[in-house]
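> Provided herewith is a single structure, encoded as structure tokens, for subsequent inquiry.
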Amino acid sequence: MENTNYINDQVFISFRGKDERYGFLTYLKQRLLESNVNVFIDENAAGEPLENIFGRIRKSRIAIVIFSKNYAESSWCLDELVEIKKCMETEKLNAVKPIFRKVKVSSVRKQSGKFGERIKRWKKALEFVTGMIGLTCDKKNVRFSVDLREHIILGLLDVYFSFRVLGYFSDFGYFFGIRI
């Protein structure tokens with residue numbers, strides 16, 4: 001028996017706008033529409049919550065991911081990619097078809113070359129900054145949160161003015177209640 005709902009089956013296309021919006025994507029979308037394929041791209045999603053886009057991914061049968069040189073610099077694209085992966089694992093999506101535009105498959109897979117540079121910088125920055133002595137503020141201790149704000153501001157001002165007046169951090173003072 002033939003599937004008569006094929007027009008309602010949606011194809012979601014994930015892409016980096018500045019790389020693809022006015023190039024290959026336009027051609028791909030047009031050809032799919034001419035073939036009576038319901039296509040969703042986020043061209044009209046400006047200001048729309050990302051969760052709405054996730055809903056469109058979940059309603060799709062197929063996802064096309066256009067990997068381009070700047071795809072990894074967009075947290076929006078990477079969040080879409082995570083949702084696409086989740087939908088494949090839970091069988092909400094029937095298929096994912098990657099398209100590699102001006103990037104090598106191995107560069108994307110291994111996050112190397114130009115594609116991986118930004119991801120590696122983010123990883124290094126996350127590892128570096130989270131390796132510093134810091135504070136954790138959570139919902140369990142609201143009073144701590146209020147006091148913490150003042151403590152952080154005073155600590156920052158102390159460091160800032162020590163640096164500004166002396167031109168360097170002579171004894172580094174106390175910052176966040178921790179001697180550094």
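Each chain in the structure tokens gets a letter, A, B, ..., in the order shown, and its residues are numbered from 1; ligands are numbered from 1 in order too.
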Please extract the residues of segment 94-133 of chain A with a backbone DSSP assignment of helix (DSSP H, G or I) and present them as a ChimeraX atom specification.

/A:105-109,113-130

> Mind pulling up the distance from atom CA of Lys85 of chain A to atom CA of Lys114 of chain A?

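Straight-line distance from atom CA of Lys114 of chain A to atom CA of Lys85 of chain A works out to 23.0 Å.
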
> Using only C-alpha atoms, determine which residues lie at most 10 Å from Lys18 of chain A, disregarding the query and same-chain residues fewer than 4 positions distant; provide the list as a list in words.

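After dropping sequence-adjacent residues, the list is Tyr22, Gly23, Ser68, Asn70 and Tyr71 of chain A.
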
> Quick one: distance from atom CA of Leu32 of chain A to atom CA of Ile13 of chain A in Å, one decimal?

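Separating atom CA of Leu32 of chain A from atom CA of Ile13 of chain A is a distance of 11.1 Å.
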
> Provide the atom CA of Gly131 of chain A to atom CA of Arg109 of chain A distance in Å, to one decimal place.

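So the two atoms, atom CA of Gly131 of chain A and atom CA of Arg109 of chain A, lie 27.0 Å apart.
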
> Can you pull out every residue within 8 Å of Lys92 of chain A, counting only C-alpha atoms, but drop anything in the same chain fewer than 2 positions away, and send it as number ranges by chain?

A: 58-61, 87-90, 94

> Could you write out that same residue set with all heavy atoms as a PDB file, in the first residue's frame?


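And here is the file that came out, again_15.pdb:
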```pdb
ATOM      1  N   ARG A  58      11.816  17.117  15.850  1.00  0.00           N
ATOM      2  CA  ARG A  58      11.096  15.930  16.332  1.00  0.00           C
ATOM      3  C   ARG A  58       9.946  15.529  15.409  1.00  0.00           C
ATOM      4  O   ARG A  58       9.590  14.360  15.335  1.00  0.00           O
ATOM      5  CB  ARG A  58      10.563  16.190  17.733  1.00  0.00           C
ATOM      6  CG  ARG A  58      11.640  16.251  18.786  1.00  0.00           C
ATOM      7  CD  ARG A  58      11.066  16.467  20.184  1.00  0.00           C
ATOM      8  NE  ARG A  58      12.074  17.090  21.005  1.00  0.00           N
ATOM      9  CZ  ARG A  58      11.969  18.304  21.531  1.00  0.00           C
ATOM     10  NH1 ARG A  58      10.874  19.028  21.357  1.00  0.00           N
ATOM     11  NH2 ARG A  58      12.946  18.794  22.258  1.00  0.00           N
ATOM     12  N   LYS A  59       9.363  16.497  14.713  1.00  0.00           N
ATOM     13  CA  LYS A  59       8.240  16.214  13.803  1.00  0.00           C
ATOM     14  C   LYS A  59       8.716  15.763  12.425  1.00  0.00           C
ATOM     15  O   LYS A  59       7.908  15.365  11.592  1.00  0.00           O
ATOM     16  CB  LYS A  59       7.363  17.456  13.657  1.00  0.00           C
ATOM     17  CG  LYS A  59       6.585  17.790  14.910  1.00  0.00           C
ATOM     18  CD  LYS A  59       5.774  19.058  14.720  1.00  0.00           C
ATOM     19  CE  LYS A  59       5.057  19.417  16.007  1.00  0.00           C
ATOM     20  NZ  LYS A  59       4.357  20.693  15.917  1.00  0.00           N
ATOM     21  N   SER A  60      10.003  15.842  12.190  1.00  0.00           N
ATOM     22  CA  SER A  60      10.552  15.489  10.880  1.00  0.00           C
ATOM     23  C   SER A  60      10.793  13.990  10.779  1.00  0.00           C
ATOM     24  O   SER A  60      10.930  13.299  11.783  1.00  0.00           O
ATOM     25  CB  SER A  60      11.867  16.236  10.644  1.00  0.00           C
ATOM     26  OG  SER A  60      11.635  17.630  10.625  1.00  0.00           O
ATOM     27  N   ARG A  61      10.845  13.523   9.547  1.00  0.00           N
ATOM     28  CA  ARG A  61      11.154  12.112   9.283  1.00  0.00           C
ATOM     29  C   ARG A  61      12.622  11.947   8.891  1.00  0.00           C
ATOM     30  O   ARG A  61      13.222  10.925   9.132  1.00  0.00           O
ATOM     31  CB  ARG A  61      10.274  11.584   8.149  1.00  0.00           C
ATOM     32  CG  ARG A  61       8.795  11.804   8.347  1.00  0.00           C
ATOM     33  CD  ARG A  61       8.196  10.808   9.223  1.00  0.00           C
ATOM     34  NE  ARG A  61       8.233   9.531   8.518  1.00  0.00           N
ATOM     35  CZ  ARG A  61       7.714   8.435   8.973  1.00  0.00           C
ATOM     36  NH1 ARG A  61       7.130   8.429  10.120  1.00  0.00           N
ATOM     37  NH2 ARG A  61       7.786   7.327   8.292  1.00  0.00           N
ATOM     38  N   CYS A  87      17.070  12.338  18.456  1.00  0.00           N
ATOM     39  CA  CYS A  87      15.911  11.844  17.702  1.00  0.00           C
ATOM     40  C   CYS A  87      16.241  10.576  16.924  1.00  0.00           C
ATOM     41  O   CYS A  87      15.375   9.715  16.758  1.00  0.00           O
ATOM     42  CB  CYS A  87      15.373  12.934  16.779  1.00  0.00           C
ATOM     43  SG  CYS A  87      14.546  14.265  17.683  1.00  0.00           S
ATOM     44  N   MET A  88      17.460  10.455  16.448  1.00  0.00           N
ATOM     45  CA  MET A  88      17.859   9.215  15.773  1.00  0.00           C
ATOM     46  C   MET A  88      17.918   8.069  16.774  1.00  0.00           C
ATOM     47  O   MET A  88      17.455   6.965  16.493  1.00  0.00           O
ATOM     48  CB  MET A  88      19.219   9.366  15.093  1.00  0.00           C
ATOM     49  CG  MET A  88      19.163   9.986  13.723  1.00  0.00           C
ATOM     50  SD  MET A  88      18.166   9.083  12.519  1.00  0.00           S
ATOM     51  CE  MET A  88      19.113   7.573  12.325  1.00  0.00           C
ATOM     52  N   GLU A  89      18.452   8.336  17.949  1.00  0.00           N
ATOM     53  CA  GLU A  89      18.577   7.299  18.973  1.00  0.00           C
ATOM     54  C   GLU A  89      17.218   6.820  19.485  1.00  0.00           C
ATOM     55  O   GLU A  89      17.066   5.664  19.855  1.00  0.00           O
ATOM     56  CB  GLU A  89      19.438   7.795  20.143  1.00  0.00           C
ATOM     57  CG  GLU A  89      20.884   7.990  19.758  1.00  0.00           C
ATOM     58  CD  GLU A  89      21.716   8.663  20.824  1.00  0.00           C
ATOM     59  OE1 GLU A  89      21.148   9.315  21.736  1.00  0.00           O
ATOM     60  OE2 GLU A  89      22.944   8.550  20.753  1.00  0.00           O
ATOM     61  N   THR A  90      16.241   7.720  19.509  1.00  0.00           N
ATOM     62  CA  THR A  90      14.901   7.354  19.988  1.00  0.00           C
ATOM     63  C   THR A  90      13.968   7.004  18.838  1.00  0.00           C
ATOM     64  O   THR A  90      12.765   6.862  19.037  1.00  0.00           O
ATOM     65  CB  THR A  90      14.287   8.492  20.821  1.00  0.00           C
ATOM     66  OG1 THR A  90      14.205   9.670  20.015  1.00  0.00           O
ATOM     67  CG2 THR A  90      15.106   8.774  22.073  1.00  0.00           C
ATOM     68  N   ASN A  94      13.799   8.972  10.879  1.00  0.00           N
ATOM     69  CA  ASN A  94      14.073   7.760  10.105  1.00  0.00           C
ATOM     70  C   ASN A  94      15.486   7.755   9.542  1.00  0.00           C
ATOM     71  O   ASN A  94      16.070   6.698   9.352  1.00  0.00           O
ATOM     72  CB  ASN A  94      13.086   7.629   8.951  1.00  0.00           C
ATOM     73  CG  ASN A  94      11.687   7.346   9.422  1.00  0.00           C
ATOM     74  OD1 ASN A  94      11.366   7.523  10.589  1.00  0.00           O
ATOM     75  ND2 ASN A  94      10.840   6.906   8.524  1.00  0.00           N
TER      76      ASN A  94
END
```

> Would you list the contacts of Asp42 of chain A as a ChimeraX atom specification, taking every protein, DNA or RNA residue within 12 Å and counting only C-alpha atoms, but skipping same-chain residues closer than 3 positions in sequence?

/A:11-17,21,25,29,39,45-50,52-57,76-77,80

> Using only C-alpha atoms, can you tell me which of A:Glu20, A:Glu73, A:Ala63, A:Glu51 comes closest to Asn38 of chain A?

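When distances to Asn38 of chain A are compared using only C-alpha atoms, the smallest one comes from A:Ala63.
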